[in-house]
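Note sheet for the following structure.
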Number of protein chains: 2
Amino acid sequence: MNQATTSAAGAQNVTRTLARYLVNAKPADLPPAVRDHAVRTFLNWLGCAVGSCHHEAVDIAIRTLAPFGGPAQASILGRTERMDIFSAALVNGISSHVFDFDDTHLKTVIHPAGPVASAIFALAEYRPMSGAEFVHALALGVEAECRIGNAVYPDHYDRGWHITGSAGVFGAAAAVGKLLGLDKEKMVWALGIAASQPVGLREQFGTMTKSFHPGRAAQNGMTAAFLASEGYTSSLQGIEAKRGWANVTSTKQDYREITEGLGERHESLLNSYKPFACGIVIHPAIDGCIQLRNEHGLTADKIASIHLKVHPLVLELTGKRTPQVGLEGKFSVFHSAAVAIIDGRAGENQYSDAAVLDPATIRLRDSVDATVDTGMAADAVFITVTLTDGSTLTKFVEHAIGSKDRPMTNDDLAVKFTDLVEPVLGAARAAELLKACWDMQGAPDLAQITALSRPAA
Amino acid sequence: MNQATTSAAGAQNVTRTLARYLVNAKPADLPPAVRDHAVRTFLNWLGCAVGSCHHEAVDIAIRTLAPFGGPAQASILGRTERMDIFSAALVNGISSHVFDFDDTHLKTVIHPAGPVASAIFALAEYRPMSGAEFVHALALGVEAECRIGNAVYPDHYDRGWHITGSAGVFGAAAAVGKLLGLDKEKMVWALGIAASQPVGLREQFGTMTKSFHPGRAAQNGMTAAFLASEGYTSSLQGIEAKRGWANVTSTKQDYREITEGLGERHESLLNSYKPFACGIVIHPAIDGCIQLRNEHGLTADKIASIHLKVHPLVLELTGKRTPQVGLEGKFSVFHSAAVAIIDGRAGENQYSDAAVLDPATIRLRDSVDATVDTGMAADAVFITVTLTDGSTLTKFVEHAIGSKDRPMTNDDLAVKFTDLVEPVLGAARAAELLKACWDMQGAPDLAQITALSRPAA
């Protein structure tokens, strides 16, 4: 019943071509830079998940699922609970995204680690594997979901799919399938079963369900791979068929993004990390405000008004004028500019419920204005600060920190990791865990990382 | 972040209006005919699930999930295993659909019971409830998913969504949410979390993943309701928002189908039951062939050729000329006409692997021809049989048995149930179970039905 189609560029054997690559790939085939970048991806994911492990959404998910879950097979990051691997994948996926601080594949705005790392980190505790195998599977999973995302972006995202969940499910299926040692036929089935389970609507932004998306995508992809491993059949063209995933969820399909240059062009290298705990489109404004603050010793009382010229997406996604709770602050470029001036940073503390209700912050926030400049790049901003004495300061940020052209260094990532992990696990454990992550490619298994990512007994 | 929209008819407060109805509904508000029809829906679902409980897809799902599942909380129909309620919902949902013999809401081709009954039957064993409460929740869940399906059908289905999974998730969330006693706010969240988890592509037809769809929809809706019950938030406009479910998955939205006449117009009354174990579009042809056979004592050796004038969907969905395995036979109007003549029926036995390879069946099948008549109704067919002596017999079926205008009677349903259940549970147990189902509205709980739906200890 699997109908072939040639309705879009390169629509022949897309699922099979991707599956063949995944099955044949060997760790040594990947350039060291790709493997090192996967370690950065893992480190960033782990820091985010540990840092937000006590968020209310995580508490609710654990207490909801616990009465129905299986044996204690896998750890919940930063916490003492252990759950079956499917539940752990969901919960850790929620943690990793709930601060909106995780990684971003800039071409698709997919947050790649959530669906993939959450699935295979749970699996690694149940079926031990070497650090090198883990890193390889992570890189392959990220590669699969980002390529599939490329094939349908932007139409798929514009339509309203939260692409992290809707494409992420393939990343989880690919990575888990690789670690289960699926053959080509079963890998095709795994991708096919995943195709029937896209997760996530953009409408959920600003609610707990946004974070549910990468967690559920991890769980769905894992389910797909396990079912396929036991012989559960699916379409052989789950991605590209006339009524397959890409046609059902998008008006654009460019299958060459999936099938061309496999093993040569590495989308996973384009994964980037956020220096600030909010939507990436606000980062240029925060970066510029912090630079102005530090260069001129700016304080709120010296400022009459702030004007931002921004990329169109900034006001579409983060135009909230009067956030009432911390989570809404992450969708307010106005609040974000204000805390950048006042605190010189935009970490989780700047997006607490108290922070958005702070009178001094509100005063400064109300003086921030933003207009769209259709010529402005997504990672750029132009800021004009008018001081109370009538003079003005300006700052043009061409590439925000964390963007492709100005990536966070390993040292930057270590600082971010430490900021997130220390409050949960303490300074000593955070430092040990950081070191174990940097060394993970040589580790015989992930036992040390798993143990250190929980509180000391 | 929940953007309102007025892009389609009646787009105001759709999710909230539906949630309010679900929360306020009381069993006594439903007309007796609606409640009785819900019992028929349950009986048909139970028979299908028990009858196919040893299908390979069910075996695979159980052995895949068992190592990760929770406590033995709920029964697997027809089998000795018990699993946690989420796993049981998935597995029983697979069983109920794997024979393609389950119920059909003819306006949307949703198979309503799979997602809803699979979820609440598992729940009923974990949290005992009266038969009346169960039947009420089943009717409400079916009502919710069919109304939501109406709002987007046919565009949503034409695009390629297997609407049983993609709309069914709402039915499961509504029914489980009702039984958990959710208040209005939490019911809105349950529907919202469900909105992020549509399941199923039509591309999967002919593979095991088709049956995965209602099972996973049951599980997803149940997950949504349980998360909401503990306070997990979602959009308040999951169905109707600009980037909500209906806009993301369809180009058509008619929200009046969801919100108008709640409690007065009952979509659940339009649920129908299949007399034959295959796609509903073939039923007129089977019905007509059986009638010709019985009226004229037809046998294969007397027939030179059979010609069918059919509705266009018949060849689009079931035009398989040379099925090689039993499942493919269900998508072959040619095979179906042949077995109807030879055996006078089209139950599961007529769609075994052996049946599609039987030489006598193949000989007759190869003499069957079909042409599309765009004026033919979906539940009609015109059959011409040319005999070996050159004479012809004709039969016009205006409304196939099982259609809205010629529904199966309770006696018909009992025969179908018995045919399905006896081979699994034996004649005595099948009869007892049948009686318990007919009496379920007066039962204090579902314990008797649950016990009888498993093999004797």
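Just so we're on the same page: first chain in the structure tokens is A, next is B, and so on; residues restart at 1 for each chain, and ligands are numbered from 1 in the order they show up.
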What would you get as a compact mmCIF listing (two decimals) with C-alpha atoms, in the first residue's frame if chain A were moved onto chain B by least squares over all of its C-alpha atoms in order?
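Okay, this is what ended up in result15.txt:
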# COMPACT_ATOMS: atom_id res chain seq x y z
CA MET A 1 1.05 33.44 24.00
CA ASN A 2 -2.26 31.94 22.88
CA GLN A 3 -3.22 33.88 19.82
CA ALA A 4 -6.90 34.22 19.09
CA THR A 5 -8.12 33.79 15.57
CA THR A 6 -11.35 34.35 13.73
CA SER A 7 -10.18 32.82 10.49
CA ALA A 8 -12.96 30.27 10.15
CA ALA A 9 -16.60 29.83 10.98
CA GLY A 10 -17.25 29.87 14.73
CA ALA A 11 -13.62 30.07 15.81
CA GLN A 12 -14.37 31.65 19.19
CA ASN A 13 -13.72 29.61 22.32
CA VAL A 14 -14.06 26.26 20.60
CA THR A 15 -11.90 24.31 23.03
CA ARG A 16 -13.52 26.01 26.05
CA THR A 17 -17.04 25.41 24.76
CA LEU A 18 -16.38 21.73 24.21
CA ALA A 19 -14.67 21.42 27.59
CA ARG A 20 -17.59 23.09 29.37
CA TYR A 21 -20.02 20.62 27.79
CA LEU A 22 -17.88 17.64 28.73
CA VAL A 23 -17.44 18.77 32.33
CA ASN A 24 -21.11 19.56 32.90
CA ALA A 25 -22.57 16.51 31.12
CA LYS A 26 -24.46 14.03 33.30
CA PRO A 27 -25.43 10.46 32.34
CA ALA A 28 -29.14 11.20 32.72
CA ASP A 29 -28.86 14.03 30.17
CA LEU A 30 -28.17 11.60 27.37
CA PRO A 31 -31.20 10.08 25.61
CA PRO A 32 -31.50 6.32 26.22
CA ALA A 33 -30.90 5.69 22.51
CA VAL A 34 -27.49 7.36 22.77
CA ARG A 35 -26.55 5.32 25.82
CA ASP A 36 -27.77 2.10 24.19
CA HIS A 37 -25.75 2.90 21.11
CA ALA A 38 -22.64 3.39 23.24
CA VAL A 39 -23.18 -0.14 24.58
CA ARG A 40 -23.30 -1.42 20.97
CA THR A 41 -20.08 0.50 20.30
CA PHE A 42 -18.44 -1.08 23.33
CA LEU A 43 -19.62 -4.60 22.45
CA ASN A 44 -18.33 -4.31 18.90
CA TRP A 45 -14.97 -2.95 20.12
CA LEU A 46 -14.61 -5.73 22.68
CA GLY A 47 -15.40 -8.46 20.16
CA CYS A 48 -12.88 -7.09 17.68
CA ALA A 49 -10.13 -6.76 20.27
CA VAL A 50 -10.65 -10.22 21.75
CA GLY A 51 -10.92 -11.77 18.30
CA SER A 52 -7.59 -10.44 17.11
CA CYS A 53 -5.71 -10.58 20.40
CA HIS A 54 -3.23 -13.14 19.09
CA HIS A 55 -2.31 -11.21 15.96
CA GLU A 56 1.42 -10.83 15.45
CA ALA A 57 1.22 -7.04 15.85
CA VAL A 58 -0.22 -7.53 19.35
CA ASP A 59 2.42 -10.10 20.27
CA ILE A 60 5.18 -7.75 19.15
CA ALA A 61 3.77 -4.76 21.00
CA ILE A 62 3.47 -6.73 24.25
CA ARG A 63 6.93 -8.24 24.14
CA THR A 64 8.47 -4.89 23.14
CA LEU A 65 6.85 -2.90 25.92
CA ALA A 66 6.82 -5.46 28.74
CA PRO A 67 10.38 -4.84 30.00
CA PHE A 68 9.62 -1.15 30.49
CA GLY A 69 6.03 -1.25 31.69
CA GLY A 70 4.64 -0.55 35.13
CA PRO A 71 2.54 -2.56 37.57
CA ALA A 72 -0.05 -5.07 36.31
CA GLN A 73 -3.01 -2.70 36.49
CA ALA A 74 -5.16 -3.57 33.49
CA SER A 75 -6.02 -6.62 31.41
CA ILE A 76 -5.00 -7.32 27.85
CA LEU A 77 -8.19 -8.44 26.15
CA GLY A 78 -8.41 -12.16 25.38
CA ARG A 79 -5.01 -12.85 26.93
CA THR A 80 -3.50 -13.64 30.29
CA GLU A 81 -1.08 -10.70 30.47
CA ARG A 82 -1.83 -7.61 32.53
CA MET A 83 0.06 -4.33 32.08
CA ASP A 84 0.06 -0.77 33.38
CA ILE A 85 -2.94 1.19 32.12
CA PHE A 86 -0.98 3.17 29.52
CA SER A 87 0.51 0.06 27.96
CA ALA A 88 -2.83 -1.75 28.11
CA ALA A 89 -4.52 1.15 26.32
CA LEU A 90 -1.97 0.92 23.51
CA VAL A 91 -2.11 -2.85 23.15
CA ASN A 92 -5.91 -3.13 23.31
CA GLY A 93 -6.13 -0.27 20.83
CA ILE A 94 -3.93 -2.21 18.42
CA SER A 95 -6.03 -5.39 18.87
CA SER A 96 -9.26 -3.54 18.29
CA HIS A 97 -8.16 -2.30 14.87
CA VAL A 98 -5.84 -4.94 13.48
CA PHE A 99 -8.63 -6.92 11.77
CA ASP A 100 -10.05 -3.72 10.22
CA PHE A 101 -13.33 -4.94 11.65
CA ASP A 102 -14.09 -2.13 14.09
CA ASP A 103 -16.72 0.61 14.08
CA THR A 104 -16.92 3.53 11.63
CA HIS A 105 -18.34 7.03 11.96
CA LEU A 106 -19.39 7.23 8.34
CA LYS A 107 -19.18 11.02 7.97
CA THR A 108 -15.47 11.06 8.79
CA VAL A 109 -14.36 7.40 8.49
CA ILE A 110 -13.12 7.68 12.07
CA HIS A 111 -13.09 4.36 13.92
CA PRO A 112 -14.28 5.92 17.18
CA ALA A 113 -14.08 3.16 19.77
CA GLY A 114 -10.40 2.30 19.40
CA PRO A 115 -8.94 5.45 20.93
CA VAL A 116 -11.70 5.97 23.51
CA ALA A 117 -12.70 2.52 24.75
CA SER A 118 -9.10 1.28 24.84
CA ALA A 119 -8.20 4.13 27.19
CA ILE A 120 -11.16 4.01 29.55
CA PHE A 121 -11.43 0.22 29.71
CA ALA A 122 -7.89 0.17 31.10
CA LEU A 123 -8.73 3.04 33.43
CA ALA A 124 -11.86 1.26 34.70
CA GLU A 125 -9.78 -1.59 36.06
CA TYR A 126 -7.48 0.83 37.91
CA ARG A 127 -10.12 3.25 39.17
CA PRO A 128 -13.38 1.33 39.41
CA MET A 129 -16.48 3.07 38.06
CA SER A 130 -20.07 2.07 37.41
CA GLY A 131 -21.16 0.73 34.06
CA ALA A 132 -23.31 3.83 33.63
CA GLU A 133 -20.34 6.16 34.18
CA PHE A 134 -18.27 4.15 31.74
CA VAL A 135 -20.94 4.19 29.05
CA HIS A 136 -21.43 7.92 29.53
CA ALA A 137 -17.71 8.65 29.17
CA LEU A 138 -17.54 6.45 26.09
CA ALA A 139 -20.42 8.33 24.47
CA LEU A 140 -18.83 11.69 25.31
CA GLY A 141 -15.42 10.67 23.99
CA VAL A 142 -16.91 9.41 20.73
CA GLU A 143 -18.94 12.60 20.45
CA ALA A 144 -15.85 14.78 20.93
CA GLU A 145 -13.61 13.04 18.39
CA CYS A 146 -16.35 12.76 15.75
CA ARG A 147 -17.34 16.42 16.07
CA ILE A 148 -13.70 17.49 15.85
CA GLY A 149 -13.30 15.19 12.86
CA ASN A 150 -16.35 16.74 11.19
CA ALA A 151 -14.80 20.18 11.57
CA VAL A 152 -11.82 19.28 9.37
CA TYR A 153 -13.13 16.45 7.18
CA PRO A 154 -12.55 15.85 4.28
CA ASP A 155 -9.49 18.07 3.81
CA HIS A 156 -7.69 16.67 6.82
CA TYR A 157 -8.21 13.10 5.63
CA ASP A 158 -7.46 13.89 2.00
CA ARG A 159 -4.15 15.40 3.07
CA GLY A 160 -3.21 12.00 4.45
CA TRP A 161 -4.02 11.98 8.14
CA HIS A 162 -5.39 8.69 9.45
CA ILE A 163 -8.17 10.56 11.18
CA THR A 164 -8.83 7.75 13.70
CA GLY A 165 -5.51 8.57 15.33
CA SER A 166 -5.28 12.27 14.57
CA ALA A 167 -8.76 13.16 15.86
CA GLY A 168 -9.13 10.12 18.12
CA VAL A 169 -6.62 11.53 20.58
CA PHE A 170 -9.25 14.11 21.59
CA GLY A 171 -11.82 11.40 22.23
CA ALA A 172 -9.48 9.62 24.61
CA ALA A 173 -8.54 12.84 26.39
CA ALA A 174 -12.21 13.82 26.76
CA ALA A 175 -13.36 10.46 28.09
CA VAL A 176 -10.45 9.95 30.48
CA GLY A 177 -10.70 13.57 31.56
CA LYS A 178 -14.38 13.11 32.31
CA LEU A 179 -13.72 10.02 34.41
CA LEU A 180 -10.92 11.78 36.29
CA GLY A 181 -13.41 14.50 37.16
CA LEU A 182 -11.43 17.35 35.57
CA ASP A 183 -12.76 20.85 36.06
CA LYS A 184 -13.20 23.17 33.08
CA GLU A 185 -9.70 24.62 33.13
CA LYS A 186 -8.07 21.20 33.33
CA MET A 187 -10.34 19.77 30.63
CA VAL A 188 -9.20 22.61 28.36
CA TRP A 189 -5.59 21.67 29.14
CA ALA A 190 -6.29 17.99 28.47
CA LEU A 191 -7.71 18.81 25.05
CA GLY A 192 -4.77 21.16 24.48
CA ILE A 193 -2.11 18.59 25.34
CA ALA A 194 -3.96 16.14 23.10
CA ALA A 195 -3.86 18.69 20.27
CA SER A 196 -0.07 18.48 20.25
CA GLN A 197 -0.14 14.71 19.69
CA PRO A 198 -2.04 13.73 16.54
CA VAL A 199 -1.13 10.22 15.40
CA GLY A 200 -1.21 8.53 12.06
CA LEU A 201 -0.60 8.69 8.34
CA ARG A 202 -2.75 6.95 5.73
CA GLU A 203 0.49 5.85 4.11
CA GLN A 204 0.65 3.19 6.83
CA PHE A 205 -2.42 1.35 5.53
CA GLY A 206 -1.46 -2.25 4.89
CA THR A 207 1.22 -2.29 7.61
CA MET A 208 1.11 -2.94 11.36
CA THR A 209 1.51 0.76 12.03
CA LYS A 210 -2.09 1.38 10.92
CA SER A 211 -3.26 -0.48 14.04
CA PHE A 212 -0.72 1.36 16.17
CA HIS A 213 -2.61 4.59 15.46
CA PRO A 214 -5.76 4.04 17.56
CA GLY A 215 -3.69 2.46 20.32
CA ARG A 216 -1.27 5.35 20.48
CA ALA A 217 -4.15 7.83 20.26
CA ALA A 218 -5.69 6.15 23.31
CA GLN A 219 -2.40 6.40 25.15
CA ASN A 220 -1.75 10.00 24.09
CA GLY A 221 -5.21 11.17 25.10
CA MET A 222 -4.88 9.39 28.43
CA THR A 223 -1.48 11.00 28.97
CA ALA A 224 -2.98 14.40 28.21
CA ALA A 225 -5.82 13.94 30.69
CA PHE A 226 -3.59 12.66 33.48
CA LEU A 227 -1.04 15.44 33.01
CA ALA A 228 -3.80 18.05 33.01
CA SER A 229 -5.28 16.54 36.16
CA GLU A 230 -2.00 17.27 37.95
CA GLY A 231 -1.80 20.84 36.66
CA TYR A 232 0.26 20.55 33.46
CA THR A 233 -0.72 23.60 31.43
CA SER A 234 -1.40 23.98 27.73
CA SER A 235 -2.88 26.48 25.34
CA LEU A 236 -6.49 27.41 26.07
CA GLN A 237 -7.27 27.24 22.35
CA GLY A 238 -5.53 24.03 21.34
CA ILE A 239 -8.10 23.21 18.69
CA GLU A 240 -8.90 26.58 17.11
CA ALA A 241 -5.90 28.89 17.54
CA LYS A 242 -4.09 30.25 14.53
CA ARG A 243 -1.39 27.63 15.11
CA GLY A 244 -3.67 25.13 16.81
CA TRP A 245 -4.58 21.62 15.72
CA ALA A 246 -7.24 22.40 13.13
CA ASN A 247 -5.22 25.01 11.25
CA VAL A 248 -2.02 22.99 11.36
CA THR A 249 -3.59 19.75 10.15
CA SER A 250 -6.28 20.95 7.73
CA THR A 251 -7.22 23.64 5.26
CA LYS A 252 -10.89 23.31 6.21
CA GLN A 253 -12.20 24.36 9.62
CA ASP A 254 -15.88 24.47 10.47
CA TYR A 255 -15.95 24.92 14.22
CA ARG A 256 -19.75 24.95 14.38
CA GLU A 257 -19.52 21.18 13.92
CA ILE A 258 -17.84 21.10 17.33
CA THR A 259 -19.76 23.70 19.30
CA GLU A 260 -23.34 23.73 17.97
CA GLY A 261 -26.08 21.55 19.35
CA LEU A 262 -23.97 19.93 22.06
CA GLY A 263 -26.26 17.64 24.02
CA GLU A 264 -28.91 17.84 21.31
CA ARG A 265 -27.36 16.51 18.12
CA HIS A 266 -25.50 13.25 18.77
CA GLU A 267 -22.78 12.30 16.31
CA SER A 268 -22.18 9.16 18.32
CA LEU A 269 -25.52 7.83 16.99
CA LEU A 270 -23.98 7.79 13.51
CA ASN A 271 -21.39 5.23 14.54
CA SER A 272 -21.82 2.05 12.49
CA TYR A 273 -20.51 -1.50 12.66
CA LYS A 274 -18.93 -3.61 9.98
CA PRO A 275 -20.41 -6.94 9.01
CA PHE A 276 -17.26 -7.75 7.02
CA ALA A 277 -13.61 -7.83 8.12
CA CYS A 278 -12.27 -5.32 5.63
CA GLY A 279 -12.41 -1.70 4.50
CA ILE A 280 -15.96 -0.39 4.55
CA VAL A 281 -15.87 0.81 0.97
CA ILE A 282 -15.92 -2.82 -0.24
CA HIS A 283 -18.96 -3.77 1.82
CA PRO A 284 -21.59 -3.06 -0.86
CA ALA A 285 -19.78 -5.37 -3.29
CA ILE A 286 -19.52 -8.16 -0.71
CA ASP A 287 -23.13 -7.71 0.35
CA GLY A 288 -24.32 -7.85 -3.27
CA CYS A 289 -22.21 -10.89 -4.12
CA ILE A 290 -23.49 -12.79 -1.09
CA GLN A 291 -27.07 -11.92 -2.03
CA LEU A 292 -26.52 -13.13 -5.63
CA ARG A 293 -24.88 -16.30 -4.35
CA ASN A 294 -27.73 -17.11 -1.99
CA GLU A 295 -30.53 -16.14 -4.38
CA HIS A 296 -29.15 -18.12 -7.32
CA GLY A 297 -27.10 -20.90 -5.73
CA LEU A 298 -24.04 -19.46 -7.43
CA THR A 299 -20.73 -21.33 -7.37
CA ALA A 300 -17.41 -20.25 -8.83
CA ASP A 301 -17.49 -22.79 -11.65
CA LYS A 302 -20.66 -21.28 -13.09
CA ILE A 303 -19.16 -17.79 -13.41
CA ALA A 304 -17.35 -16.39 -16.45
CA SER A 305 -16.87 -12.87 -15.13
CA ILE A 306 -18.05 -10.36 -12.53
CA HIS A 307 -18.28 -6.64 -13.17
CA LEU A 308 -18.67 -4.07 -10.40
CA LYS A 309 -19.70 -0.43 -10.83
CA VAL A 310 -18.34 1.26 -7.72
CA HIS A 311 -17.92 4.54 -5.85
CA PRO A 312 -14.57 6.24 -6.68
CA LEU A 313 -13.04 5.53 -3.25
CA VAL A 314 -13.32 1.77 -3.82
CA LEU A 315 -10.52 1.62 -6.36
CA GLU A 316 -8.51 4.34 -4.65
CA LEU A 317 -8.44 2.48 -1.34
CA THR A 318 -8.98 -1.16 -2.26
CA GLY A 319 -7.77 -1.56 -5.83
CA LYS A 320 -5.13 -4.19 -5.03
CA ARG A 321 -5.27 -6.72 -7.92
CA THR A 322 -2.96 -9.43 -6.64
CA PRO A 323 -2.78 -9.53 -2.85
CA GLN A 324 0.07 -11.70 -1.58
CA VAL A 325 -0.72 -11.74 2.15
CA GLY A 326 -3.99 -11.76 4.04
CA LEU A 327 -3.77 -8.14 5.10
CA GLU A 328 -3.49 -7.04 1.48
CA GLY A 329 -6.66 -8.98 0.72
CA LYS A 330 -8.54 -6.48 2.86
CA PHE A 331 -7.50 -3.82 0.41
CA SER A 332 -8.65 -5.79 -2.64
CA VAL A 333 -12.23 -5.45 -3.83
CA PHE A 334 -11.44 -8.25 -6.28
CA HIS A 335 -10.45 -10.76 -3.63
CA SER A 336 -13.39 -9.71 -1.48
CA ALA A 337 -15.95 -10.27 -4.24
CA ALA A 338 -14.44 -13.69 -4.94
CA VAL A 339 -14.63 -14.94 -1.33
CA ALA A 340 -18.15 -13.55 -0.99
CA ILE A 341 -19.24 -15.78 -3.88
CA ILE A 342 -17.24 -18.82 -2.76
CA ASP A 343 -17.81 -18.73 1.02
CA GLY A 344 -20.86 -16.52 1.34
CA ARG A 345 -19.07 -14.40 3.93
CA ALA A 346 -16.06 -12.15 4.49
CA GLY A 347 -14.85 -12.73 8.00
CA GLU A 348 -11.30 -12.98 9.25
CA ASN A 349 -10.90 -16.48 7.76
CA GLN A 350 -11.49 -15.08 4.30
CA TYR A 351 -8.53 -12.75 4.78
CA SER A 352 -5.90 -15.22 5.95
CA ASP A 353 -2.61 -15.59 4.11
CA ALA A 354 -3.83 -18.97 2.86
CA ALA A 355 -7.09 -17.49 1.59
CA VAL A 356 -5.45 -14.97 -0.73
CA LEU A 357 -3.21 -17.68 -2.20
CA ASP A 358 -5.98 -20.24 -2.73
CA PRO A 359 -5.94 -21.20 -6.45
CA ALA A 360 -9.74 -21.36 -6.80
CA THR A 361 -10.09 -17.93 -5.18
CA ILE A 362 -7.38 -16.51 -7.43
CA ARG A 363 -9.14 -17.92 -10.53
CA LEU A 364 -12.41 -16.24 -9.60
CA ARG A 365 -10.66 -13.04 -8.42
CA ASP A 366 -8.96 -12.69 -11.80
CA SER A 367 -12.38 -12.68 -13.46
CA VAL A 368 -13.54 -9.72 -11.36
CA ASP A 369 -13.42 -6.30 -12.94
CA ALA A 370 -14.44 -2.92 -11.46
CA THR A 371 -15.10 0.49 -12.93
CA VAL A 372 -15.74 3.75 -11.16
CA ASP A 373 -19.18 5.36 -11.46
CA THR A 374 -18.99 8.88 -10.07
CA GLY A 375 -22.74 8.80 -9.53
CA MET A 376 -22.58 5.76 -7.26
CA ALA A 377 -23.13 6.39 -3.53
CA ALA A 378 -20.48 5.17 -1.09
CA ASP A 379 -22.78 2.49 0.32
CA ALA A 380 -24.04 1.29 -3.09
CA VAL A 381 -22.84 -0.96 -5.92
CA PHE A 382 -24.13 -2.36 -9.20
CA ILE A 383 -23.00 -5.91 -9.96
CA THR A 384 -23.25 -7.81 -13.24
CA VAL A 385 -22.34 -11.50 -13.18
CA THR A 386 -21.85 -13.19 -16.55
CA LEU A 387 -22.31 -16.93 -16.31
CA THR A 388 -20.44 -19.52 -18.34
CA ASP A 389 -23.62 -20.14 -20.35
CA GLY A 390 -23.56 -16.48 -21.49
CA SER A 391 -26.52 -15.34 -19.40
CA THR A 392 -26.20 -12.50 -16.90
CA LEU A 393 -27.40 -11.75 -13.37
CA THR A 394 -27.49 -8.24 -11.92
CA LYS A 395 -27.83 -6.79 -8.44
CA PHE A 396 -28.13 -3.20 -7.32
CA VAL A 397 -27.35 -2.68 -3.63
CA GLU A 398 -28.67 0.73 -2.61
CA HIS A 399 -27.52 0.58 1.03
CA ALA A 400 -25.03 -2.05 2.12
CA ILE A 401 -25.66 -3.96 5.34
CA GLY A 402 -23.97 -2.06 8.16
CA SER A 403 -24.58 1.34 6.56
CA LYS A 404 -26.47 4.14 8.23
CA ASP A 405 -29.68 3.27 6.37
CA ARG A 406 -29.39 -0.46 6.96
CA PRO A 407 -27.65 -0.82 10.31
CA MET A 408 -26.71 -4.11 11.88
CA THR A 409 -29.31 -5.14 14.45
CA ASN A 410 -28.36 -6.14 17.98
CA ASP A 411 -28.80 -9.74 16.86
CA ASP A 412 -26.39 -9.16 13.96
CA LEU A 413 -23.89 -7.67 16.40
CA ALA A 414 -24.27 -10.62 18.75
CA VAL A 415 -23.51 -13.03 15.89
CA LYS A 416 -20.45 -11.04 14.89
CA PHE A 417 -19.29 -10.84 18.53
CA THR A 418 -19.71 -14.58 19.00
CA ASP A 419 -17.85 -15.40 15.78
CA LEU A 420 -14.93 -13.30 16.99
CA VAL A 421 -14.84 -14.25 20.66
CA GLU A 422 -15.66 -17.98 20.66
CA PRO A 423 -12.38 -19.11 19.03
CA VAL A 424 -10.43 -17.24 21.73
CA LEU A 425 -12.47 -17.71 24.92
CA GLY A 426 -14.76 -20.64 24.12
CA ALA A 427 -18.51 -20.75 23.62
CA ALA A 428 -19.64 -20.58 27.25
CA ARG A 429 -17.43 -17.66 28.18
CA ALA A 430 -18.32 -15.80 24.97
CA ALA A 431 -22.02 -16.12 25.80
CA GLU A 432 -21.51 -14.96 29.38
CA LEU A 433 -19.44 -12.02 28.24
CA LEU A 434 -22.05 -11.06 25.65
CA LYS A 435 -24.76 -11.02 28.31
CA ALA A 436 -22.61 -8.98 30.70
CA CYS A 437 -22.07 -6.39 27.97
CA TRP A 438 -25.77 -6.04 27.18
CA ASP A 439 -26.41 -5.55 30.91
CA MET A 440 -23.48 -3.21 31.57
CA GLN A 441 -25.50 -0.03 32.17
CA GLY A 442 -26.81 -1.48 35.41
CA ALA A 443 -23.51 -2.95 36.59
CA PRO A 444 -21.85 -1.48 39.71
CA ASP A 445 -18.46 -1.75 37.99
CA LEU A 446 -16.75 -3.45 35.05
CA ALA A 447 -15.14 -6.23 37.06
CA GLN A 448 -17.30 -9.00 35.59
CA ILE A 449 -16.71 -7.90 32.00
CA THR A 450 -12.98 -7.54 32.62
CA ALA A 451 -12.72 -10.99 34.17
CA LEU A 452 -14.72 -12.65 31.40
CA SER A 453 -12.71 -10.96 28.66
CA ARG A 454 -9.63 -12.94 29.70
CA PRO A 455 -9.20 -16.70 29.32
CA ALA A 456 -10.46 -18.79 32.24
CA ALA A 457 -7.74 -19.19 34.85
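Within stretch 317-408 of chain A, residues classed as strand (DSSP E) by DSSP on backbone coordinates are Val368, Asp369, Ala370, Thr371, Val372, Val381, Phe382, Ile383, Thr384, Val385, Thr386, Leu387, Thr392, Leu393, Thr394, Lys395, Phe396 and Val397 of chain A.
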Point to revise | All alpha helix (DSSP H) positions in stretch 34-83 of chain B, as a PyMOL selection string | key: chain B and resi 34-51+56-65
